[in-house]
file protein_19.txt (compact mmCIF, C-alpha atoms)
# COMPACT_ATOMS: atom_id res chain seq x y z
CA MET S 1 -22.30 43.63 -41.05
CA LYS S 2 -19.76 46.35 -40.42
CA PHE S 3 -16.18 46.51 -41.64
CA THR S 4 -13.11 48.68 -41.40
CA LEU S 5 -11.51 49.00 -44.81
CA LYS S 6 -7.90 50.02 -45.32
CA VAL S 7 -7.71 50.94 -48.99
CA TRP S 8 -4.73 51.95 -51.14
CA ARG S 9 -5.38 55.42 -52.57
CA GLN S 10 -3.18 56.85 -55.31
CA LYS S 11 -4.22 59.89 -57.35
CA ASN S 12 -2.44 58.82 -60.54
CA ALA S 13 0.42 56.69 -61.84
CA LYS S 14 3.07 59.18 -60.75
CA ALA S 15 1.58 60.29 -57.42
CA LYS S 16 2.70 58.84 -54.11
CA GLY S 17 0.01 56.61 -52.69
CA ARG S 18 -1.14 55.91 -49.15
CA PHE S 19 -3.61 53.79 -47.23
CA GLU S 20 -6.88 55.38 -46.12
CA THR S 21 -9.22 53.90 -43.56
CA TYR S 22 -12.99 53.78 -44.07
CA ARG S 23 -15.73 52.40 -41.87
CA ILE S 24 -18.86 50.93 -43.38
CA ASP S 25 -21.96 49.63 -41.63
CA GLY S 26 -25.28 47.98 -42.49
CA ILE S 27 -23.84 45.62 -45.15
CA SER S 28 -25.84 42.47 -45.91
CA PRO S 29 -23.78 39.23 -45.77
CA ASP S 30 -25.02 38.50 -49.30
CA THR S 31 -23.59 41.73 -50.70
CA SER S 32 -20.76 41.08 -53.11
CA PHE S 33 -17.40 42.64 -52.28
CA LEU S 34 -17.62 44.99 -55.27
CA GLU S 35 -21.17 46.01 -54.29
CA MET S 36 -19.83 46.86 -50.86
CA LEU S 37 -17.23 49.10 -52.54
CA ASP S 38 -20.09 50.65 -54.60
CA ILE S 39 -21.96 51.43 -51.36
CA LEU S 40 -18.77 52.89 -49.87
CA ASN S 41 -18.24 54.99 -53.01
CA ASN S 42 -21.83 56.31 -52.83
CA ASN S 43 -21.14 57.34 -49.22
CA LEU S 44 -17.88 59.04 -50.27
CA ILE S 45 -19.63 60.91 -53.11
CA ARG S 46 -22.34 62.07 -50.69
CA GLU S 47 -19.58 63.38 -48.41
CA GLY S 48 -18.02 65.20 -51.37
CA LYS S 49 -14.97 62.94 -51.43
CA GLU S 50 -13.26 61.21 -54.35
CA PRO S 51 -14.66 57.66 -54.84
CA ILE S 52 -12.27 54.71 -54.89
CA ALA S 53 -11.26 53.67 -58.41
CA PHE S 54 -11.33 49.92 -59.03
CA ASP S 55 -11.66 47.73 -62.12
CA HIS S 56 -14.93 45.87 -62.72
CA ASP S 57 -17.01 44.85 -65.70
CA CYS S 58 -19.12 41.70 -66.11
CA ARG S 59 -19.41 40.90 -62.37
CA GLU S 60 -20.05 37.30 -63.41
CA GLY S 61 -16.54 35.96 -62.96
CA ILE S 62 -15.75 35.63 -66.65
CA CYS S 63 -14.30 38.92 -67.94
CA GLY S 64 -11.17 38.88 -65.78
CA ILE S 65 -11.10 42.60 -65.14
CA CYS S 66 -11.58 42.73 -61.36
CA SER S 67 -8.26 42.70 -59.64
CA LEU S 68 -8.14 43.38 -55.94
CA TYR S 69 -5.59 42.08 -53.46
CA ILE S 70 -7.72 41.48 -50.36
CA ASN S 71 -6.07 40.66 -47.05
CA GLY S 72 -2.91 39.46 -48.80
CA ARG S 73 -4.57 37.28 -51.44
CA PRO S 74 -5.52 38.07 -55.05
CA HIS S 75 -9.33 37.90 -55.41
CA GLY S 76 -9.61 37.56 -51.63
CA PRO S 77 -10.11 34.80 -49.11
CA ASP S 78 -11.83 32.17 -51.26
CA ASP S 79 -10.69 29.62 -53.82
CA GLU S 80 -11.34 29.61 -57.57
CA ILE S 81 -13.40 32.78 -57.70
CA THR S 82 -12.86 36.31 -58.93
CA THR S 83 -13.30 39.33 -56.66
CA CYS S 84 -16.75 40.01 -58.14
CA GLN S 85 -17.88 36.57 -56.95
CA LEU S 86 -16.61 37.18 -53.42
CA HIS S 87 -19.32 37.94 -50.89
CA CYS S 88 -19.22 39.68 -47.53
CA ARG S 89 -20.33 36.46 -45.78
CA LYS S 90 -16.73 35.23 -46.27
CA PHE S 91 -15.67 37.82 -43.65
CA LYS S 92 -16.54 38.17 -39.99
CA ASP S 93 -18.60 41.05 -38.68
CA GLY S 94 -16.22 43.81 -37.60
CA ASP S 95 -13.28 42.55 -39.68
CA VAL S 96 -10.51 44.88 -40.78
CA ILE S 97 -10.06 44.31 -44.53
CA THR S 98 -6.98 45.57 -46.36
CA VAL S 99 -7.52 46.20 -50.07
CA GLU S 100 -4.45 46.66 -52.26
CA PRO S 101 -3.75 46.73 -56.01
CA TRP S 102 -2.27 43.74 -57.92
CA ARG S 103 1.35 43.07 -56.94
CA SER S 104 3.75 43.14 -59.89
CA ALA S 105 6.25 45.62 -61.29
CA ALA S 106 4.82 44.77 -64.74
CA PHE S 107 1.34 45.95 -63.62
CA PRO S 108 1.87 49.58 -62.54
CA VAL S 109 -0.90 51.38 -60.67
CA VAL S 110 -2.98 53.74 -62.81
CA LYS S 111 -5.18 55.06 -60.00
CA ASP S 112 -6.11 53.74 -56.55
CA LEU S 113 -6.75 50.01 -57.11
CA VAL S 114 -6.68 50.11 -60.91
CA VAL S 115 -3.56 48.64 -62.52
CA ASP S 116 -2.33 48.68 -66.10
CA ARG S 117 -2.45 45.13 -67.45
CA ASN S 118 -1.54 46.04 -71.04
CA ALA S 119 1.54 43.83 -70.63
CA PHE S 120 -0.76 40.81 -71.06
CA ASP S 121 -2.14 42.26 -74.32
CA LYS S 122 1.42 42.79 -75.57
CA ILE S 123 2.29 39.14 -74.81
CA LEU S 124 -0.80 38.00 -76.72
CA GLN S 125 0.06 40.29 -79.63
CA ALA S 126 3.51 38.67 -79.75
CA GLY S 127 2.11 35.24 -80.56
CA GLY S 128 -1.08 34.26 -78.77
CA PHE S 129 -3.07 33.74 -81.96
CA ILE S 130 -3.46 31.53 -85.03
CA SER S 131 -2.48 33.08 -88.35
CA THR S 132 -2.42 30.06 -90.63
CA THR S 133 -4.17 30.48 -93.96
CA GLY S 134 -6.26 28.05 -95.97
CA ILE S 135 -9.85 27.04 -96.42
CA ALA S 136 -11.75 26.35 -93.24
CA PRO S 137 -12.36 22.58 -93.15
CA ASP S 138 -15.77 21.12 -92.50
CA ALA S 139 -16.64 20.67 -88.87
CA ASN S 140 -15.43 17.36 -87.42
CA LEU S 141 -13.14 16.75 -90.45
CA ILE S 142 -10.09 16.96 -88.19
CA GLN S 143 -10.54 14.49 -85.39
CA ILE S 144 -9.27 15.63 -81.99
CA PRO S 145 -8.81 13.14 -79.15
CA LYS S 146 -11.16 13.97 -76.29
CA ALA S 147 -8.32 14.18 -73.78
CA ASP S 148 -6.55 16.80 -75.95
CA ALA S 149 -9.72 18.79 -76.42
CA GLU S 150 -10.39 18.71 -72.66
CA GLU S 151 -6.88 19.87 -71.84
CA ALA S 152 -7.06 22.67 -74.40
CA MET S 153 -10.41 23.77 -72.96
CA ASP S 154 -9.04 23.66 -69.40
CA ALA S 155 -6.20 25.96 -70.48
CA SER S 156 -8.68 28.18 -72.33
CA ALA S 157 -10.50 28.79 -69.05
CA CYS S 158 -7.85 31.45 -68.29
CA ILE S 159 -9.59 34.83 -68.19
CA GLY S 160 -6.34 36.82 -68.18
CA CYS S 161 -7.05 38.55 -64.87
CA GLY S 162 -3.41 38.48 -63.75
CA ALA S 163 -4.01 36.84 -60.36
CA CYS S 164 -1.21 34.38 -61.23
CA VAL S 165 1.27 37.24 -61.59
CA ALA S 166 -0.03 39.02 -58.49
CA ALA S 167 0.16 35.84 -56.39
CA CYS S 168 3.65 34.87 -57.57
CA LYS S 169 6.48 36.03 -55.34
CA ASN S 170 8.52 36.40 -58.53
CA GLY S 171 5.86 38.33 -60.45
CA SER S 172 6.03 35.66 -63.15
CA ALA S 173 3.46 35.44 -65.96
CA MET S 174 4.26 31.83 -66.78
CA LEU S 175 0.80 30.43 -66.01
CA PHE S 176 -0.90 33.02 -68.23
CA VAL S 177 1.50 32.38 -71.12
CA ALA S 178 1.39 28.61 -70.54
CA ALA S 179 -2.41 28.61 -70.65
CA ARG S 180 -2.41 30.40 -74.03
CA VAL S 181 0.39 28.28 -75.50
CA SER S 182 -1.15 25.06 -74.20
CA ALA S 183 -4.68 25.84 -75.40
CA LEU S 184 -3.45 26.40 -78.94
CA ALA S 185 -0.69 23.75 -79.03
CA LYS S 186 -3.11 20.97 -78.07
CA LEU S 187 -5.40 21.69 -81.01
CA PRO S 188 -4.54 20.95 -84.66
CA GLN S 189 -5.31 24.50 -85.76
CA GLY S 190 -2.68 25.92 -83.42
CA ARG S 191 -0.05 23.23 -83.88
CA PRO S 192 1.71 24.57 -87.03
CA GLU S 193 2.73 27.79 -85.24
CA ALA S 194 3.39 26.27 -81.80
CA ALA S 195 7.18 26.72 -81.90
CA ARG S 196 7.08 30.33 -83.10
CA ARG S 197 4.32 31.14 -80.62
CA ALA S 198 6.17 29.76 -77.59
CA LYS S 199 9.38 31.59 -78.46
CA ALA S 200 7.69 34.91 -79.21
CA MET S 201 5.47 34.93 -76.12
CA VAL S 202 8.29 33.96 -73.75
CA ALA S 203 10.59 36.60 -75.28
CA LYS S 204 7.92 39.28 -74.86
CA MET S 205 7.20 38.16 -71.28
CA ASP S 206 10.90 38.53 -70.40
CA GLU S 207 11.13 41.87 -72.20
CA LEU S 208 8.19 43.28 -70.20
CA GLY S 209 9.89 42.60 -66.87
CA PHE S 210 7.95 39.63 -65.53
CA GLY S 211 9.92 37.37 -63.19
CA ALA S 212 11.07 33.80 -63.75
CA CYS S 213 9.00 30.81 -62.65
CA SER S 214 10.30 28.92 -59.63
CA ASN S 215 7.31 26.54 -59.47
CA THR S 216 5.90 27.70 -56.13
CA GLY S 217 2.40 26.82 -57.38
CA ALA S 218 0.93 30.05 -55.95
CA CYS S 219 -0.39 30.91 -59.44
CA GLU S 220 -2.48 27.73 -59.66
CA ALA S 221 -3.66 28.07 -56.04
CA GLU S 222 -4.92 31.61 -56.61
CA CYS S 223 -6.13 31.23 -60.21
CA PRO S 224 -9.89 31.87 -60.22
CA LYS S 225 -10.25 29.24 -62.93
CA GLY S 226 -7.90 26.65 -61.41
CA VAL S 227 -5.57 26.51 -64.43
CA SER S 228 -2.97 23.83 -63.65
CA ILE S 229 0.80 24.41 -63.54
CA ALA S 230 1.06 21.26 -65.68
CA HIS S 231 0.54 23.68 -68.57
CA ILE S 232 3.78 25.41 -67.55
CA ALA S 233 5.62 22.14 -68.20
CA ARG S 234 4.12 22.09 -71.70
CA LEU S 235 5.19 25.70 -72.31
CA ASN S 236 8.73 24.83 -71.18
CA ARG S 237 8.72 21.76 -73.45
CA GLU S 238 7.42 23.71 -76.45
CA PHE S 239 9.95 26.49 -75.84
CA LEU S 240 12.97 24.21 -75.38
CA LEU S 241 12.12 22.08 -78.43
CA ALA S 242 11.62 25.23 -80.51
CA LYS S 243 15.01 26.56 -79.39
CA ILE S 244 16.71 23.24 -80.14
CA GLN S 245 15.17 23.24 -83.63
CA ASP S 246 16.68 26.68 -84.21
CA MET N 1 19.52 25.77 -63.35
CA SER N 2 17.27 22.70 -63.61
CA LEU N 3 19.85 20.71 -65.61
CA SER N 4 22.67 21.56 -63.18
CA GLY N 5 20.29 20.70 -60.32
CA LEU N 6 19.53 17.28 -61.81
CA PHE N 7 23.27 16.70 -62.31
CA LEU N 8 23.87 17.55 -58.63
CA LEU N 9 21.05 15.18 -57.60
CA ILE N 10 22.86 12.32 -59.39
CA PHE N 11 26.08 13.30 -57.61
CA LEU N 12 24.28 13.21 -54.24
CA ALA N 13 23.09 9.65 -54.89
CA LEU N 14 26.62 8.53 -55.84
CA HIS N 15 28.13 10.26 -52.80
CA LEU N 16 25.54 8.60 -50.57
CA ALA N 17 26.37 5.15 -52.00
CA LEU N 18 30.07 5.74 -51.25
CA ASN N 19 29.27 6.95 -47.71
CA PHE N 20 27.51 3.69 -46.95
CA ALA N 21 30.87 1.90 -47.26
CA ALA N 22 31.81 3.51 -43.92
CA LEU N 23 28.92 1.68 -42.26
CA PHE N 24 30.37 -1.71 -43.15
CA SER N 25 34.10 -1.62 -42.43
CA ARG N 26 37.23 0.51 -42.32
CA GLU N 27 38.77 -1.53 -45.16
CA LEU N 28 35.80 -1.09 -47.50
CA TYR N 29 35.64 2.69 -46.89
CA GLU N 30 39.38 3.09 -47.41
CA SER N 31 39.31 1.08 -50.61
CA VAL N 32 36.42 3.23 -51.89
CA CYS N 33 38.42 6.38 -51.07
CA GLU N 34 41.46 4.90 -52.81
CA PHE N 35 39.33 4.25 -55.91
CA MET N 36 38.03 7.85 -55.83
CA ASP N 37 41.58 9.19 -55.56
CA THR N 38 43.02 7.15 -58.42
CA ASN N 39 40.25 6.47 -60.96
CA LEU N 40 40.73 8.55 -64.14
CA LEU N 41 37.00 9.10 -64.74
CA VAL N 42 36.61 10.41 -61.19
CA GLN N 43 39.55 12.78 -61.72
CA ILE N 44 37.84 14.12 -64.85
CA MET N 45 34.49 14.43 -63.11
CA VAL N 46 35.80 16.46 -60.13
CA PRO N 47 36.17 19.74 -62.11
CA VAL N 48 32.91 18.94 -63.97
CA LEU N 49 31.18 18.59 -60.60
CA ALA N 50 32.69 21.86 -59.38
CA ALA N 51 31.44 23.51 -62.59
CA GLY N 52 27.99 22.03 -61.91
CA PHE N 53 27.91 23.65 -58.48
CA ILE N 54 29.16 27.00 -59.78
CA ILE N 55 26.66 27.07 -62.68
CA HIS N 56 23.82 26.17 -60.30
CA ILE N 57 24.80 28.89 -57.81
CA LEU N 58 25.42 31.61 -60.42
CA PHE N 59 22.18 30.83 -62.25
CA SER N 60 20.20 30.94 -59.00
CA MET N 61 21.70 34.35 -58.22
CA PHE N 62 20.79 35.61 -61.69
CA VAL N 63 17.20 34.31 -61.41
CA GLU N 64 16.84 35.68 -57.88
CA PHE N 65 17.94 39.13 -59.07
CA LYS N 66 15.59 39.01 -62.08
CA ASN N 67 12.71 38.06 -59.80
CA TRP N 68 13.62 40.80 -57.34
CA THR N 69 13.29 43.39 -60.12
CA ALA N 70 9.84 41.99 -61.04
CA ARG N 71 8.45 42.76 -57.57
CA PRO N 72 6.68 46.06 -57.09
CA ARG N 73 8.42 48.61 -54.92
CA ALA N 74 6.25 51.69 -55.44
CA ILE N 75 3.65 50.44 -52.99
CA ALA N 76 4.29 49.74 -49.31
CA TYR N 77 2.06 46.67 -49.08
CA ARG N 78 0.66 46.23 -45.59
CA VAL N 79 -0.31 42.59 -45.72
CA PRO N 80 2.33 39.97 -46.54
CA ASN N 81 1.62 37.86 -49.63
CA LYS N 82 -0.64 35.12 -48.23
CA SER N 83 -1.10 33.31 -51.52
CA LYS N 84 -1.08 29.59 -51.06
CA ALA N 85 1.93 27.71 -52.39
CA LEU N 86 2.77 24.05 -52.80
CA GLY N 87 5.09 24.18 -49.81
CA TRP N 88 6.98 26.81 -47.83
CA GLU N 89 10.27 25.43 -49.18
CA SER N 90 9.25 26.44 -52.72
CA LYS N 91 9.29 30.08 -51.59
CA TYR N 92 12.64 29.86 -49.82
CA MET N 93 14.80 27.85 -52.25
CA PHE N 94 17.43 30.59 -52.45
CA VAL N 95 17.65 30.90 -48.64
CA LEU N 96 17.92 27.12 -48.35
CA GLY N 97 20.59 27.21 -51.05
CA VAL N 98 22.64 29.78 -49.09
CA ILE N 99 22.45 27.55 -45.98
CA ILE N 100 23.51 24.52 -48.03
CA VAL N 101 26.47 26.36 -49.60
CA GLY N 102 27.59 27.57 -46.14
CA PHE N 103 27.72 24.03 -44.78
CA LEU N 104 29.22 22.78 -48.05
CA VAL N 105 32.21 25.07 -47.55
CA LEU N 106 32.62 23.69 -44.00
CA HIS N 107 32.36 20.14 -45.35
CA LEU N 108 34.96 20.78 -48.08
CA VAL N 109 37.38 22.29 -45.56
CA ASN N 110 36.90 19.45 -43.07
CA PHE N 111 36.91 16.50 -45.48
CA TRP N 112 37.73 17.13 -49.13
CA ALA N 113 40.65 19.52 -48.48
CA LYS N 114 42.30 16.92 -46.25
CA MET N 115 41.57 13.97 -48.53
CA GLN N 116 41.17 14.21 -52.31
CA LEU N 117 42.61 17.73 -52.67
CA GLN N 118 45.92 16.52 -51.22
CA HIS N 119 46.22 14.04 -54.14
CA PHE N 120 45.75 16.89 -56.63
CA ILE N 121 48.35 19.18 -55.01
CA GLY N 122 50.87 16.45 -54.14
CA GLY N 123 50.30 16.70 -50.39
CA GLU N 124 49.88 13.99 -47.79
CA PRO N 125 46.21 13.01 -47.42
CA GLU N 126 44.89 12.08 -43.99
CA ASN N 127 43.44 8.64 -43.39
CA ALA N 128 39.85 8.99 -44.58
CA TYR N 129 38.30 6.65 -42.05
CA ASP N 130 40.14 8.16 -39.06
CA LEU N 131 39.14 11.64 -40.21
CA LEU N 132 35.50 10.61 -40.55
CA ILE N 133 35.38 8.97 -37.11
CA ALA N 134 37.16 11.89 -35.41
CA LEU N 135 34.77 14.47 -36.88
CA PHE N 136 31.58 12.50 -36.26
CA LYS N 137 32.52 11.72 -32.67
CA ASN N 138 31.92 15.43 -32.08
CA PRO N 139 28.17 15.81 -31.35
CA TYR N 140 28.16 19.49 -32.38
CA TYR N 141 29.63 18.61 -35.78
CA CYS N 142 27.05 15.83 -36.14
CA ALA N 143 24.22 18.23 -35.30
CA ALA N 144 25.49 20.77 -37.85
CA TYR N 145 25.83 17.99 -40.45
CA ILE N 146 22.24 16.85 -39.89
CA VAL N 147 20.92 20.44 -40.01
CA TRP N 148 22.75 20.77 -43.33
CA PHE N 149 20.97 17.75 -44.74
CA ALA N 150 17.64 18.88 -43.30
CA ALA N 151 18.05 22.07 -45.37
CA LEU N 152 19.00 19.87 -48.33
CA TYR N 153 15.87 17.74 -47.74
CA PHE N 154 13.62 20.76 -48.23
CA HIS N 155 15.71 22.04 -51.16
CA VAL N 156 15.58 18.68 -52.95
CA SER N 157 11.93 17.97 -52.13
CA HIS N 158 11.04 21.02 -54.24
CA GLY N 159 14.02 21.08 -56.60
CA PHE N 160 13.60 17.49 -57.82
CA TRP N 161 10.14 17.84 -59.36
CA SER N 162 10.65 21.51 -60.16
CA ALA N 163 13.66 20.62 -62.36
CA PHE N 164 11.56 18.17 -64.39
CA GLN N 165 8.81 20.78 -64.66
CA SER N 166 11.31 23.40 -65.91
CA ILE N 167 12.71 21.17 -68.67
CA GLY N 168 9.19 20.26 -69.71
CA VAL N 169 9.34 16.62 -68.64
CA SER N 170 6.05 16.67 -66.77
CA ASN N 171 2.34 16.77 -67.40
CA SER N 172 -0.91 16.59 -65.44
CA LYS N 173 -0.38 12.85 -64.79
CA TRP N 174 3.33 12.99 -63.94
CA LEU N 175 3.27 16.19 -61.89
CA PRO N 176 1.85 14.55 -58.72
CA ARG N 177 4.04 11.48 -59.31
CA LEU N 178 7.18 13.60 -59.58
CA GLN N 179 6.17 15.57 -56.47
CA PHE N 180 5.81 12.28 -54.58
CA LEU N 181 9.13 10.95 -55.94
CA ALA N 182 10.79 14.21 -54.88
CA LYS N 183 9.74 13.64 -51.26
CA ILE N 184 11.03 10.04 -51.41
CA TYR N 185 14.35 11.04 -53.00
CA ALA N 186 14.85 13.90 -50.51
CA ALA N 187 14.04 11.58 -47.58
CA VAL N 188 16.51 8.94 -48.83
CA ILE N 189 19.23 11.59 -49.16
CA PHE N 190 18.50 13.03 -45.69
CA LEU N 191 18.22 9.70 -43.87
CA GLY N 192 21.13 8.14 -45.77
CA PHE N 193 23.57 10.97 -45.11
CA SER N 194 22.43 11.26 -41.48
CA ALA N 195 22.98 7.53 -40.91
CA VAL N 196 26.81 7.70 -40.96
CA PRO N 197 27.27 10.43 -38.28
CA LEU N 198 24.52 8.87 -36.12
CA CYS N 199 26.15 5.43 -36.33
CA VAL N 200 29.56 6.86 -35.43
CA LEU N 201 28.14 8.97 -32.60
CA SER N 202 26.15 6.06 -31.16
CA GLY N 203 29.16 3.73 -31.43
CA LEU N 204 27.53 1.38 -33.93
CA CYS N 205 30.51 1.86 -36.23
CA GLY N 206 34.04 3.12 -35.79

call {"tool": "encode", "arguments": {"input": "protein_19.txt", "output": "structure tokens"}}
result
Amino acid sequence: MKFTLKVWRQKNAKAKGRFETYRIDGISPDTSFLEMLDILNNNLIREGKEPIAFDHDCREGICGICSLYINGRPHGPDDEITTCQLHCRKFKDGDVITVEPWRSAAFPVVKDLVVDRNAFDKILQAGGFISTTGIAPDANLIQIPKADAEEAMDASACIGCGACVAACKNGSAMLFVAARVSALAKLPQGRPEAARRAKAMVAKMDELGFGACSNTGACEAECPKGVSIAHIARLNREFLLAKIQD
Amino acid sequence: MSLSGLFLLIFLALHLALNFAALFSRELYESVCEFMDTNLLVQIMVPVLAAGFIIHILFSMFVEFKNWTARPRAIAYRVPNKSKALGWESKYMFVLGVIIVGFLVLHLVNFWAKMQLQHFIGGEPENAYDLLIALFKNPYYCAAYIVWFAALYFHVSHGFWSAFQSIGVSNSKWLPRLQFLAKIYAAVIFLGFSAVPLCVLSGLCG
């Protein structure tokens, strides 16, 4: 397969970026999108040019580090997968593919296609944890209804990639925060701190410049793990109840 | 914004119920208007309703501005955001709101200012039924009125379930139910409000 790639190039966080066009040929349909970028980078290095910087790590769809906006969609033209799981067979031979960094003011570009997602870490540091003390109970001592455990595990599927923020026209991080709040609030270990957690994480999200949720559902549609916006309702409920209790 | 939106949804249902009086007879519609002009609770609720509209509009402007600042501007993105959404109306709620407010002003000038407002300022109100018939005999006014409620249909079909979602009264079971109810409620509002001008225009009433 051959493709024309229009890629966002930006030397550093302060430099002015631009699109550059590259042509690549002889790509197998079974090549992953990131492998195609590897091949392109090898070609660029051979030509003495600067390779394209992009985030990648596990390449198994679980680490949440890959973050490309491909033809106007985070993680590209497929549903419930990360960019590393996207393959060239999803494109047509001769396609023009535009590759851009994540879209959000809270995720500034570091270089080329790499963005700074430390804002997510700061939200987690604000309250996305359990800090209760006491002796760890024996396994199965606290009984958890299966439905609650399932819902908590569904929320825990979030890999923190930021596709929800990038997909949202408002640049809102509600699905990410909701997934963390929901995963912990549905389990007995996380329940004692649920109110404090919801308030702290929402406050930090607002402070970091993420937008407000207007329930477009784009976050769920583009989430590589299919985390439901029903968790956002739980976050709103936890937050409002916590504020009323204040 | 969700609470003011839910308050306005209740008002829409009440307004629709009162509008239906015009479909039955002149006397019934005039007696309903008389009740609205003299009932103490209604007099109290008029400024509350106005406050509901103002809060909803101001909050939407605040949220729209906050969301505008959250969008990246350093990069000239070439491809428009093609992320899937639940419906196009969910992405254009503010635009739909601006359209609705524009027609609302027209509606207030044409109806409310000549009817209930006159009671508040000691003026001489026009006959409500005659006013309604005269305006809805104009096909252009009818078309504009129906376009207004078409915009409201899309606004409500997202706003209804979105409001419940925002106040936390939703979950994985109720989310699809509320989305379905939103479509029904929006359709009832659109069809109900469109019925009066269409009946007048077609000569079925008046």

call {"tool": "closest_residue", "arguments": {"input": "protein_19.txt", "among": "S:Ala242, S:Cys58, S:Ala106, S:Ala195", "to": "chain N", "atoms": "all atoms listed in the file"}}
result
S:Ala106

call {"tool": "closest_residue", "arguments": {"input": "protein_19.txt", "among": "S:Lys225, S:Arg18, S:Lys11, S:Lys146", "to": "chain N", "atoms": "only C-alpha atoms"}}
result
S:Arg18

call {"tool": "closest_residue", "arguments": {"input": "protein_19.txt", "among": "S:Gly171, S:Pro74, S:Pro188, S:Pro224", "to": "Cys158 in chain S", "atoms": "all atoms listed in the file"}}
result
S:Pro224

call {"tool": "closest_residue", "arguments": {"input": "protein_19.txt", "among": "S:Asp25, S:Asp148, S:Asp138, S:Asp30", "to": "chain N", "atoms": "all atoms listed in the file"}}
result
S:Asp148

call {"tool": "closest_atom_pairs", "arguments": {"input": "protein_19.txt", "of": "chain S", "to": "chain N", "cutoff": "8 Å", "atoms": "all atoms listed in the file", "output": "CSV"}}
result
residue,atom,partner,partner_atom,distance
S:Gly17,CA,N:Ile75,CA,7.2
S:Asn71,CA,N:Val79,CA,6.2
S:Gly72,CA,N:Asn81,CA,4.9
S:Arg73,CA,N:Ser83,CA,5.3
S:Pro74,CA,N:Ser83,CA,7.4
S:Thr98,CA,N:Val79,CA,7.3
S:Glu100,CA,N:Tyr77,CA,7.2
S:Arg103,CA,N:Pro72,CA,6.1
S:Ser104,CA,N:Pro72,CA,5.0
S:Ala105,CA,N:Pro72,CA,4.2
S:Ala106,CA,N:Ala70,CA,6.8
S:Ala167,CA,N:Ser83,CA,5.6
S:Cys168,CA,N:Ser83,CA,7.8
S:Lys169,CA,N:Arg71,CA,7.4
S:Asn170,CA,N:Asn67,CA,4.7
S:Gly171,CA,N:Ala70,CA,5.4
S:Ser172,CA,N:Ala70,CA,7.7
S:Gly209,CA,N:Ala70,CA,5.9
S:Phe210,CA,N:Ala70,CA,5.4
S:Gly211,CA,N:Asn67,CA,4.4
S:Ala212,CA,N:Asn67,CA,6.0
S:Ser214,CA,N:Ser90,CA,7.4
S:Asn215,CA,N:Ser162,CA,6.1
S:Thr216,CA,N:Ser90,CA,4.9
S:Gly217,CA,N:Ala85,CA,5.1
S:Ala218,CA,N:Ala85,CA,4.4
S:Ala221,CA,N:Lys84,CA,5.8
S:Glu222,CA,N:Ser83,CA,6.6
S:Ser228,CA,N:Ser172,CA,7.7
S:Ala230,CA,N:Asn171,CA,5.0
S:His231,CA,N:Asn171,CA,7.2
S:Ile232,CA,N:Gln165,CA,7.4
S:Ala233,CA,N:Gly168,CA,4.3
S:Arg234,CA,N:Gly168,CA,5.7
S:Leu235,CA,N:Gly168,CA,7.2
S:Asn236,CA,N:Gly168,CA,4.8
S:Arg237,CA,N:Gly168,CA,4.1
S:Glu238,CA,N:Gly168,CA,7.8
S:Leu240,CA,N:Ile167,CA,7.4

call {"tool": "write_last_selection", "arguments": {"input": "protein_19.txt", "atoms": "C-alpha atoms", "output": "compact mmCIF listing (two decimals), in the coordinates of the input"}}
result
# COMPACT_ATOMS: atom_id res chain seq x y z
CA GLY S 17 0.01 56.61 -52.69
CA ASN S 71 -6.07 40.66 -47.05
CA GLY S 72 -2.91 39.46 -48.80
CA ARG S 73 -4.57 37.28 -51.44
CA PRO S 74 -5.52 38.07 -55.05
CA THR S 98 -6.98 45.57 -46.36
CA GLU S 100 -4.45 46.66 -52.26
CA ARG S 103 1.35 43.07 -56.94
CA SER S 104 3.75 43.14 -59.89
CA ALA S 105 6.25 45.62 -61.29
CA ALA S 106 4.82 44.77 -64.74
CA ALA S 167 0.16 35.84 -56.39
CA CYS S 168 3.65 34.87 -57.57
CA LYS S 169 6.48 36.03 -55.34
CA ASN S 170 8.52 36.40 -58.53
CA GLY S 171 5.86 38.33 -60.45
CA SER S 172 6.03 35.66 -63.15
CA GLY S 209 9.89 42.60 -66.87
CA PHE S 210 7.95 39.63 -65.53
CA GLY S 211 9.92 37.37 -63.19
CA ALA S 212 11.07 33.80 -63.75
CA SER S 214 10.30 28.92 -59.63
CA ASN S 215 7.31 26.54 -59.47
CA THR S 216 5.90 27.70 -56.13
CA GLY S 217 2.40 26.82 -57.38
CA ALA S 218 0.93 30.05 -55.95
CA ALA S 221 -3.66 28.07 -56.04
CA GLU S 222 -4.92 31.61 -56.61
CA SER S 228 -2.97 23.83 -63.65
CA ALA S 230 1.06 21.26 -65.68
CA HIS S 231 0.54 23.68 -68.57
CA ILE S 232 3.78 25.41 -67.55
CA ALA S 233 5.62 22.14 -68.20
CA ARG S 234 4.12 22.09 -71.70
CA LEU S 235 5.19 25.70 -72.31
CA ASN S 236 8.73 24.83 -71.18
CA ARG S 237 8.72 21.76 -73.45
CA GLU S 238 7.42 23.71 -76.45
CA LEU S 240 12.97 24.21 -75.38

call {"tool": "residues_around", "arguments": {"input": "protein_19.txt", "residues": "Ala203 in chain S", "least_positions_apart": "6", "cutoff": "12 Å", "atoms": "only C-alpha atoms", "output": "short mmCIF file (atom, residue, chain, number, x, y, z; two decimals) with C-alpha atoms, in the coordinates of the input"}}
result
data_model
loop_
_atom_site.label_atom_id
_atom_site.label_comp_id
_atom_site.auth_asym_id
_atom_site.auth_seq_id
_atom_site.Cartn_x
_atom_site.Cartn_y
_atom_site.Cartn_z
CA LYS S 122 1.42 42.79 -75.57
CA ILE S 123 2.29 39.14 -74.81
CA LEU S 124 -0.80 38.00 -76.72
CA GLN S 125 0.06 40.29 -79.63
CA ALA S 126 3.51 38.67 -79.75
CA GLY S 127 2.11 35.24 -80.56
CA ALA S 173 3.46 35.44 -65.96
CA MET S 174 4.26 31.83 -66.78
CA VAL S 177 1.50 32.38 -71.12
CA ARG S 196 7.08 30.33 -83.10
CA ARG S 197 4.32 31.14 -80.62
CA GLY S 209 9.89 42.60 -66.87
CA PHE S 210 7.95 39.63 -65.53
CA ALA S 212 11.07 33.80 -63.75
CA PHE S 239 9.95 26.49 -75.84
CA LYS S 243 15.01 26.56 -79.39
#
